[in-house]
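What follows is the content of start.cif, which has mmCIF, C-alpha atoms:
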data_final
loop_
_atom_site.label_atom_id
_atom_site.label_comp_id
_atom_site.auth_asym_id
_atom_site.auth_seq_id
_atom_site.Cartn_x
_atom_site.Cartn_y
_atom_site.Cartn_z
CA MET A 11 -12.94 24.28 12.01
CA GLU A 12 -14.71 27.37 10.69
CA LEU A 13 -15.31 30.76 12.24
CA ARG A 14 -18.99 29.98 12.67
CA HIS A 15 -18.06 27.09 14.98
CA ILE A 16 -16.13 29.51 17.18
CA ARG A 17 -18.96 32.06 17.17
CA TYR A 18 -21.48 29.37 18.06
CA PHE A 19 -19.28 28.03 20.85
CA LEU A 20 -18.79 31.50 22.36
CA ALA A 21 -22.55 32.17 22.26
CA VAL A 22 -23.27 28.94 24.15
CA ALA A 23 -20.41 29.59 26.58
CA GLU A 24 -21.84 33.03 27.32
CA GLU A 25 -25.47 31.98 27.74
CA MET A 26 -24.78 28.51 29.21
CA ASN A 27 -28.01 27.50 27.56
CA PHE A 28 -28.50 26.12 24.02
CA THR A 29 -31.98 27.59 23.63
CA ARG A 30 -30.96 31.14 24.57
CA ALA A 31 -27.79 30.89 22.49
CA ALA A 32 -29.80 29.74 19.46
CA GLU A 33 -32.19 32.68 19.91
CA LYS A 34 -29.25 35.07 20.15
CA LEU A 35 -27.74 33.62 16.96
CA CYS A 36 -31.13 33.56 15.20
CA ILE A 37 -30.87 29.86 14.37
CA ALA A 38 -32.72 26.76 15.49
CA GLN A 39 -31.43 24.82 18.50
CA PRO A 40 -30.84 21.40 16.81
CA PRO A 41 -28.39 22.78 14.21
CA LEU A 42 -26.57 24.69 16.96
CA SER A 43 -26.23 21.56 19.08
CA ARG A 44 -24.97 19.67 16.03
CA GLN A 45 -22.33 22.33 15.27
CA ILE A 46 -21.05 22.22 18.87
CA LYS A 47 -20.93 18.43 18.72
CA ASP A 48 -18.97 18.60 15.45
CA LEU A 49 -16.52 21.02 17.09
CA GLU A 50 -16.04 18.68 20.05
CA GLU A 51 -15.45 15.74 17.72
CA GLU A 52 -12.86 17.72 15.76
CA LEU A 53 -11.06 18.71 18.96
CA GLN A 54 -11.56 15.22 20.40
CA VAL A 55 -12.67 16.65 23.77
CA GLU A 56 -15.92 17.59 25.48
CA LEU A 57 -16.26 21.34 25.84
CA PHE A 58 -19.41 21.26 27.98
CA VAL A 59 -20.72 19.11 30.79
CA ARG A 60 -24.36 18.59 29.84
CA LYS A 61 -26.73 18.33 32.79
CA PRO A 62 -30.56 18.05 32.69
CA HIS A 63 -31.12 21.74 33.37
CA ALA A 64 -27.67 23.30 33.12
CA LEU A 65 -24.44 23.50 31.17
CA GLN A 66 -20.94 23.83 32.53
CA LEU A 67 -17.64 24.36 30.74
CA THR A 68 -15.13 21.57 31.09
CA GLU A 69 -11.49 22.39 31.81
CA GLU A 70 -10.85 22.04 28.08
CA GLY A 71 -13.83 24.28 27.39
CA VAL A 72 -12.46 27.04 29.62
CA LEU A 73 -9.12 26.89 27.81
CA PHE A 74 -10.74 26.83 24.37
CA ARG A 75 -12.91 29.85 25.28
CA GLN A 76 -9.76 31.90 25.95
CA TYR A 77 -8.32 31.03 22.54
CA ALA A 78 -11.71 31.46 20.83
CA MET A 79 -12.06 34.99 22.23
CA GLN A 80 -8.55 35.86 21.05
CA ILE A 81 -9.35 34.53 17.58
CA MET A 82 -12.56 36.53 17.30
CA ASN A 83 -10.81 39.65 18.59
CA LEU A 84 -8.21 39.25 15.84
CA VAL A 85 -10.95 38.75 13.24
CA ASP A 86 -12.82 41.82 14.44
CA ARG A 87 -9.71 43.99 14.55
CA SER A 88 -8.46 42.90 11.14
CA THR A 89 -11.89 43.72 9.70
CA GLU A 90 -11.85 47.09 11.41
CA GLU A 91 -8.40 47.97 10.13
CA ILE A 92 -9.26 46.97 6.56
CA HIS A 93 -12.28 49.27 6.64
CA GLU A 94 -10.30 52.03 8.32
CA ILE A 95 -7.94 52.10 5.34
CA ARG A 96 -10.95 53.56 3.51
CA GLY A 97 -11.53 56.04 6.32
CA ASP A 98 -14.45 54.20 7.94
CA LEU A 99 -14.79 53.30 11.63
CA TYR A 100 -16.16 49.80 11.60
CA GLY A 101 -16.80 47.02 14.13
CA THR A 102 -19.03 45.83 16.95
CA LEU A 103 -18.90 47.51 20.34
CA TYR A 104 -19.73 45.20 23.27
CA LEU A 105 -21.25 47.22 26.11
CA ALA A 106 -22.86 46.50 29.47
CA SER A 107 -24.67 48.67 32.01
CA VAL A 108 -26.48 48.70 35.31
CA GLU A 109 -29.90 50.22 36.02
CA GLY A 110 -30.59 53.78 37.12
CA SER A 111 -29.37 56.54 34.81
CA ALA A 112 -26.95 54.21 33.01
CA PRO A 113 -29.36 53.14 30.21
CA ARG A 114 -30.23 56.78 29.51
CA LEU A 115 -26.58 57.82 29.43
CA LEU A 116 -25.54 54.86 27.29
CA SER A 117 -28.34 55.29 24.77
CA GLY A 118 -27.54 59.00 24.45
CA TRP A 119 -23.88 58.27 23.81
CA ILE A 120 -24.72 55.62 21.23
CA ALA A 121 -27.12 57.98 19.45
CA GLY A 122 -24.44 60.67 19.22
CA PHE A 123 -21.65 58.25 18.28
CA GLU A 124 -23.84 56.64 15.60
CA LYS A 125 -24.18 59.96 13.81
CA LEU A 126 -20.40 60.20 13.56
CA HIS A 127 -19.76 56.54 12.80
CA PRO A 128 -22.82 54.90 11.20
CA GLN A 129 -20.98 51.65 10.36
CA VAL A 130 -20.46 50.69 14.01
CA GLN A 131 -22.75 48.05 15.50
CA TYR A 132 -23.61 47.49 19.17
CA ASN A 133 -24.14 44.51 21.46
CA LEU A 134 -25.69 45.55 24.78
CA TRP A 135 -26.10 43.69 28.07
CA ASN A 136 -27.74 44.77 31.34
CA GLY A 137 -27.25 43.45 34.89
CA ASN A 138 -26.21 44.37 38.41
CA SER A 139 -22.83 45.95 39.12
CA ASP A 140 -21.11 42.74 40.20
CA ASP A 141 -22.24 40.89 37.06
CA VAL A 142 -21.24 43.79 34.82
CA VAL A 143 -17.77 44.04 36.38
CA ASN A 144 -17.38 40.28 35.98
CA ARG A 145 -18.15 40.54 32.27
CA VAL A 146 -15.57 43.27 31.81
CA MET A 147 -12.89 41.33 33.70
CA LYS A 148 -13.61 38.21 31.63
CA GLU A 149 -13.48 40.33 28.44
CA LEU A 150 -17.06 39.45 27.50
CA CYS A 151 -17.57 43.16 26.88
CA GLU A 152 -15.10 45.99 26.36
CA LEU A 153 -16.84 48.88 28.09
CA ALA A 154 -19.48 49.18 30.78
CA ILE A 155 -21.15 51.76 32.97
CA ILE A 156 -21.64 51.01 36.66
CA MET A 157 -22.25 52.88 39.89
CA GLU A 158 -19.51 53.43 42.44
CA PRO A 159 -18.13 51.99 44.57
CA HIS A 160 -16.32 49.13 42.85
CA ASN A 161 -13.41 47.26 44.36
CA ALA A 162 -12.27 45.21 41.37
CA GLU A 163 -8.59 45.64 40.68
CA GLY A 164 -7.43 46.03 37.11
CA LEU A 165 -10.18 48.42 36.02
CA GLU A 166 -9.89 51.85 34.46
CA ALA A 167 -12.75 54.11 35.50
CA LEU A 168 -13.91 57.34 33.89
CA PRO A 169 -16.37 59.40 36.01
CA VAL A 170 -19.35 60.33 33.84
CA PHE A 171 -22.33 61.35 35.98
CA SER A 172 -23.70 61.76 39.50
CA GLU A 173 -27.20 62.04 40.92
CA PRO A 174 -28.74 62.37 44.40
CA TRP A 175 -30.35 59.56 46.33
CA VAL A 176 -34.10 59.64 46.84
CA ALA A 177 -36.71 57.94 48.98
CA MET A 178 -39.72 56.39 47.25
CA ILE A 179 -42.55 56.58 49.77
CA PRO A 180 -46.01 54.96 49.63
CA ALA A 181 -48.84 57.46 49.18
CA GLY A 182 -50.66 58.07 52.44
CA HIS A 183 -47.47 57.53 54.45
CA PRO A 184 -46.67 60.32 56.97
CA LEU A 185 -43.47 61.23 55.05
CA ALA A 186 -45.43 61.57 51.80
CA GLN A 187 -47.23 64.62 53.15
CA LYS A 188 -44.15 66.80 52.49
CA ALA A 189 -43.66 65.73 48.89
CA ASP A 190 -42.05 69.00 47.76
CA SER A 191 -39.41 69.25 50.47
CA PRO A 192 -36.03 67.47 50.89
CA LEU A 193 -35.75 64.60 53.35
CA GLU A 194 -33.37 64.08 56.26
CA VAL A 195 -32.27 60.52 56.98
CA ARG A 196 -33.22 60.81 60.64
CA GLU A 197 -36.84 61.03 59.48
CA LEU A 198 -36.50 57.49 58.07
CA LEU A 199 -35.47 55.86 61.36
CA PRO A 200 -38.97 54.78 62.48
CA TYR A 201 -39.74 53.04 59.18
CA ASP A 202 -38.84 49.89 57.25
CA LEU A 203 -36.48 50.48 54.33
CA ILE A 204 -35.89 48.73 51.01
CA ILE A 205 -32.36 49.23 49.69
CA PRO A 206 -30.06 47.91 46.91
CA SER A 207 -28.69 44.42 47.49
CA ARG A 208 -24.95 45.18 47.13
CA THR A 209 -23.08 44.83 50.43
CA SER A 210 -21.25 48.09 49.74
CA ARG A 211 -24.61 49.88 49.53
CA LEU A 212 -25.69 48.59 52.93
CA GLU A 213 -22.42 49.84 54.43
CA GLU A 214 -22.81 53.20 52.68
CA ILE A 215 -26.40 53.72 53.81
CA ASN A 216 -25.60 52.75 57.39
CA LYS A 217 -22.93 55.48 57.42
CA TRP A 218 -25.57 58.07 56.54
CA PHE A 219 -27.20 57.41 59.92
CA ALA A 220 -23.98 57.66 61.95
CA GLY A 221 -24.91 61.11 63.23
CA THR A 222 -28.22 59.83 64.61
CA GLY A 223 -26.62 57.19 66.81
CA ARG A 224 -28.95 54.54 65.39
CA LEU A 225 -29.03 52.15 62.45
CA PRO A 226 -31.96 52.01 60.02
CA THR A 227 -34.37 49.09 59.84
CA ILE A 228 -33.69 47.24 56.58
CA ARG A 229 -36.77 45.24 55.62
CA CYS A 230 -35.67 44.12 52.16
CA ARG A 231 -32.66 44.28 49.83
CA MET A 232 -33.31 44.23 46.07
CA ALA A 233 -31.00 44.20 43.06
CA HIS A 234 -33.57 45.76 40.73
CA MET A 235 -35.14 49.13 41.47
CA LEU A 236 -38.30 48.32 39.51
CA THR A 237 -39.07 45.53 41.99
CA ALA A 238 -38.27 47.87 44.87
CA TYR A 239 -40.65 50.43 43.41
CA GLU A 240 -43.45 47.85 43.20
CA LEU A 241 -42.81 46.81 46.81
CA THR A 242 -43.14 50.45 47.79
CA ARG A 243 -46.45 50.69 45.93
CA GLN A 244 -47.70 47.76 47.98
CA GLY A 245 -46.68 49.46 51.24
CA VAL A 246 -43.89 47.04 52.17
CA GLY A 247 -41.47 49.86 52.96
CA ILE A 248 -39.70 53.01 51.81
CA SER A 249 -37.24 52.39 48.96
CA ILE A 250 -33.85 54.14 48.99
CA TYR A 251 -32.36 54.33 45.50
CA PRO A 252 -30.57 56.80 43.18
CA ALA A 253 -32.70 59.59 41.72
CA ALA A 254 -33.28 57.86 38.37
CA SER A 255 -35.66 55.52 40.19
CA GLY A 256 -38.00 58.50 40.57
CA SER A 257 -38.68 58.33 36.84
CA LEU A 258 -40.55 55.08 37.55
CA ALA A 259 -43.13 56.97 39.55
CA GLY A 260 -45.92 56.81 37.03
CA TYR A 261 -48.57 56.14 39.65
CA PRO A 262 -50.09 58.55 42.17
CA ASP A 263 -49.51 56.03 44.96
CA VAL A 264 -45.76 56.70 45.27
CA CYS A 265 -44.11 59.93 46.45
CA VAL A 266 -40.43 60.67 45.66
CA ARG A 267 -38.35 62.89 47.96
CA GLU A 268 -34.67 63.74 47.58
CA ILE A 269 -32.39 62.92 50.50
CA ALA A 270 -30.67 66.18 51.39
CA GLU A 271 -29.25 65.57 54.87
CA PRO A 272 -26.64 64.25 54.63
CA ALA A 273 -26.06 65.33 51.03
CA VAL A 274 -25.38 62.00 49.31
CA THR A 275 -24.92 61.19 45.64
CA ALA A 276 -24.62 58.11 43.44
CA SER A 277 -21.75 58.29 40.96
CA TYR A 278 -21.51 56.51 37.61
CA VAL A 279 -18.28 55.51 35.90
CA LEU A 280 -17.41 54.06 32.51
CA ILE A 281 -15.07 51.12 33.07
CA TRP A 282 -12.77 48.89 31.03
CA ASN A 283 -10.17 46.22 31.71
CA LYS A 284 -6.64 47.64 32.11
CA SER A 285 -5.03 44.46 30.85
CA HIS A 286 -7.19 44.31 27.70
CA GLN A 287 -6.11 46.37 24.71
CA LEU A 288 -9.21 48.22 23.57
CA SER A 289 -10.25 47.96 19.96
CA HIS A 290 -10.03 51.11 17.85
CA VAL A 291 -13.80 51.57 17.95
CA ALA A 292 -13.82 51.23 21.77
CA LYS A 293 -11.03 53.81 22.10
CA GLU A 294 -12.96 56.24 19.91
CA PHE A 295 -16.09 55.63 22.00
CA VAL A 296 -14.20 56.35 25.23
CA ASP A 297 -12.90 59.62 23.78
CA PHE A 298 -16.42 60.52 22.70
CA VAL A 299 -17.84 59.74 26.16
CA ARG A 300 -15.06 61.70 27.86
CA GLU A 301 -16.09 64.77 25.87
CA GLN A 302 -19.80 64.24 26.53
CA ALA A 303 -19.31 63.55 30.23
CA GLY A 304 -17.65 66.92 30.64
CA ARG A 305 -20.96 68.49 29.66
CA GLU A 306 -23.26 66.28 31.76
CA GLN A 307 -21.70 65.49 35.11
CA GLN A 308 -24.53 66.35 37.44
CA TRP A 309 -28.16 65.39 37.86
CA ALA A 310 -30.50 67.96 36.32
#

Can you give me the file's structure in the form of structure tokens?
Amino acid sequence: MELRHIRYFLAVAEEMNFTRAAEKLCIAQPPLSRQIKDLEEELQVELFVRKPHALQLTEEGVLFRQYAMQIMNLVDRSTEEIHEIRGDLYGTLYLASVEGSAPRLLSGWIAGFEKLHPQVQYNLWNGNSDDVVNRVMKELCELAIIMEPHNAEGLEALPVFSEPWVAMIPAGHPLAQKADSPLEVRELLPYDLIIPSRTSRLEEINKWFAGTGRLPTIRCRMAHMLTAYELTRQGVGISIYPAASGSLAGYPDVCVREIAEPAVTASYVLIWNKSHQLSHVAKEFVDFVREQAGREQQWA
């Protein structure tokens, strides 16, 4: 068994698709399939259940993934420490993020960190909060940025940024006529709303309307704000998302108004798994972010 077999296995186990894993590894699919088959023959077990349109880890595959991740962590850390003897910070930082302001924050941190430590490499992944938290808990990435709230136990969370919520309103809508003024939630009661899909978001938004004695009309729940924005453009409803969604407004047919009553904000946190010992490069990145976050905590 060689290290490449372990790397190939972990790529397939992450993507659960040979084609995507081959693309990620920059190799052709047939050689990748052959390498995985060789690994299974050496271990004398099947690591994957192969179905017509899906892969699934076997019980042996789940166990081997745990050991494979530990092996690669040891390889990465030994490489880092050897380079650090020479005074270099070296390694690959596995990061994940949600939408909104997270990509902007993360890219800014990476740009600043890269100037200090040019030998560090980055592997980035994007998804919704639940998927991102799942990746951190399964140690598929070391650090991630998500929006509160999160209810996963075993996470460390560093507050890094907050921004107001806004309403994206179709042009020509009655509420679009006051584009330069803040919006009160009671003004939204007569209209259909599009909101984030997380259950915690629905509960949070319903609480905003507690003082009105009524609940809002939720027409659609979407995980991705770009889709919500396009639905707004088509007049399906008013989208309620964090302020970063306003940066999507590149068309004159959408008006963005900040929600000011009640004063509500979306908060971002950098998270990592408490039970996972961070690599040296991840620890340095957390320290760097902690310093940067002290300068940029609020929406500008």

Mind telling me what the PyMOL selection byres ((chain A and resi 226) around 12) catches here, as a JSON list (two decimals) with C-alpha atoms, in the frame of the given file?
[["chain", "number", "residue", "atom", "x", "y", "z"],
["A", 195, "VAL", "CA", -32.27, 60.52, 56.98],
["A", 196, "ARG", "CA", -33.22, 60.81, 60.64],
["A", 197, "GLU", "CA", -36.84, 61.03, 59.48],
["A", 198, "LEU", "CA", -36.50, 57.49, 58.07],
["A", 199, "LEU", "CA", -35.47, 55.86, 61.36],
["A", 200, "PRO", "CA", -38.97, 54.78, 62.48],
["A", 201, "TYR", "CA", -39.74, 53.04, 59.18],
["A", 202, "ASP", "CA", -38.84, 49.89, 57.25],
["A", 203, "LEU", "CA", -36.48, 50.48, 54.33],
["A", 204, "ILE", "CA", -35.89, 48.73, 51.01],
["A", 205, "ILE", "CA", -32.36, 49.23, 49.69],
["A", 212, "LEU", "CA", -25.69, 48.59, 52.93],
["A", 213, "GLU", "CA", -22.42, 49.84, 54.43],
["A", 214, "GLU", "CA", -22.81, 53.20, 52.68],
["A", 215, "ILE", "CA", -26.40, 53.72, 53.81],
["A", 216, "ASN", "CA", -25.60, 52.75, 57.39],
["A", 217, "LYS", "CA", -22.93, 55.48, 57.42],
["A", 218, "TRP", "CA", -25.57, 58.07, 56.54],
["A", 219, "PHE", "CA", -27.20, 57.41, 59.92],
["A", 220, "ALA", "CA", -23.98, 57.66, 61.95],
["A", 221, "GLY", "CA", -24.91, 61.11, 63.23],
["A", 222, "THR", "CA", -28.22, 59.83, 64.61],
["A", 223, "GLY", "CA", -26.62, 57.19, 66.81],
["A", 224, "ARG", "CA", -28.95, 54.54, 65.39],
["A", 225, "LEU", "CA", -29.03, 52.15, 62.45],
["A", 227, "THR", "CA", -34.37, 49.09, 59.84],
["A", 228, "ILE", "CA", -33.69, 47.24, 56.58],
["A", 229, "ARG", "CA", -36.77, 45.24, 55.62],
["A", 230, "CYS", "CA", -35.67, 44.12, 52.16],
["A", 248, "ILE", "CA", -39.70, 53.01, 51.81],
["A", 250, "ILE", "CA", -33.85, 54.14, 48.99]]

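Across the structure, atom CA of Gln302 of chain A and atom CA of Ile156 of chain A are spaced 16.8 Å apart.
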
How many Å separate atom CA of Glu271 of chain A from atom CA of Pro192 of chain A?
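Computing the Euclidean distance for atom CA of Glu271 of chain A and atom CA of Pro192 of chain A yields 8.1 Å.
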
Could you pull the residues within 12 Å of Leu150 of chain A, counting all atoms listed in the file, minus those fewer than 3 positions along the same chain, as a ChimeraX atom specification?
/A:20-21,23-25,75-76,78-80,82-83,103-106,133-135,141-147,153-154,282-283,286

Convert the current residue selection to file output with C-alpha atoms, as a short mmCIF file (atom, residue, chain, number, x, y, z; two decimals), in the coordinates of the input.
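And here is the file that came out, again_1.cif:
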data_model
loop_
_atom_site.label_atom_id
_atom_site.label_comp_id
_atom_site.auth_asym_id
_atom_site.auth_seq_id
_atom_site.Cartn_x
_atom_site.Cartn_y
_atom_site.Cartn_z
CA LEU A 20 -18.79 31.50 22.36
CA ALA A 21 -22.55 32.17 22.26
CA ALA A 23 -20.41 29.59 26.58
CA GLU A 24 -21.84 33.03 27.32
CA GLU A 25 -25.47 31.98 27.74
CA ARG A 75 -12.91 29.85 25.28
CA GLN A 76 -9.76 31.90 25.95
CA ALA A 78 -11.71 31.46 20.83
CA MET A 79 -12.06 34.99 22.23
CA GLN A 80 -8.55 35.86 21.05
CA MET A 82 -12.56 36.53 17.30
CA ASN A 83 -10.81 39.65 18.59
CA LEU A 103 -18.90 47.51 20.34
CA TYR A 104 -19.73 45.20 23.27
CA LEU A 105 -21.25 47.22 26.11
CA ALA A 106 -22.86 46.50 29.47
CA ASN A 133 -24.14 44.51 21.46
CA LEU A 134 -25.69 45.55 24.78
CA TRP A 135 -26.10 43.69 28.07
CA ASP A 141 -22.24 40.89 37.06
CA VAL A 142 -21.24 43.79 34.82
CA VAL A 143 -17.77 44.04 36.38
CA ASN A 144 -17.38 40.28 35.98
CA ARG A 145 -18.15 40.54 32.27
CA VAL A 146 -15.57 43.27 31.81
CA MET A 147 -12.89 41.33 33.70
CA LEU A 153 -16.84 48.88 28.09
CA ALA A 154 -19.48 49.18 30.78
CA TRP A 282 -12.77 48.89 31.03
CA ASN A 283 -10.17 46.22 31.71
CA HIS A 286 -7.19 44.31 27.70
#

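Distances from A:Pro206, A:Val22, A:Pro184, A:Pro62 to Thr237 of chain A were compared using all atoms listed in the file, and the smallest one belongs to A:Pro206.
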
Selected residue of minimal separation from Ser107 of chain A among A:Pro159, A:Gly137, A:Pro272, A:Gly71, counting only C-alpha atoms:
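For Ser107 of chain A, the nearest of the candidates is A:Gly137.
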
Let me make sure I understand: among A:Leu193, A:Val176, A:Leu236, A:Ala112, which one has the smallest atom-to-atom distance to Ala270 of chain A if we use all atoms listed in the file?
A:Leu193

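For segment 292-297 of chain A, the set of protein, DNA and RNA residues having any atom at most 9 Å away, when counting all atoms listed in the file and skipping those fewer than 4 positions along the same chain, is Leu99, Thr102, Leu103, Tyr104, Trp119, Ile120, Phe123, Glu152, Leu153, Leu168, Leu280, Leu288, Glu301 and Gln302 of chain A.
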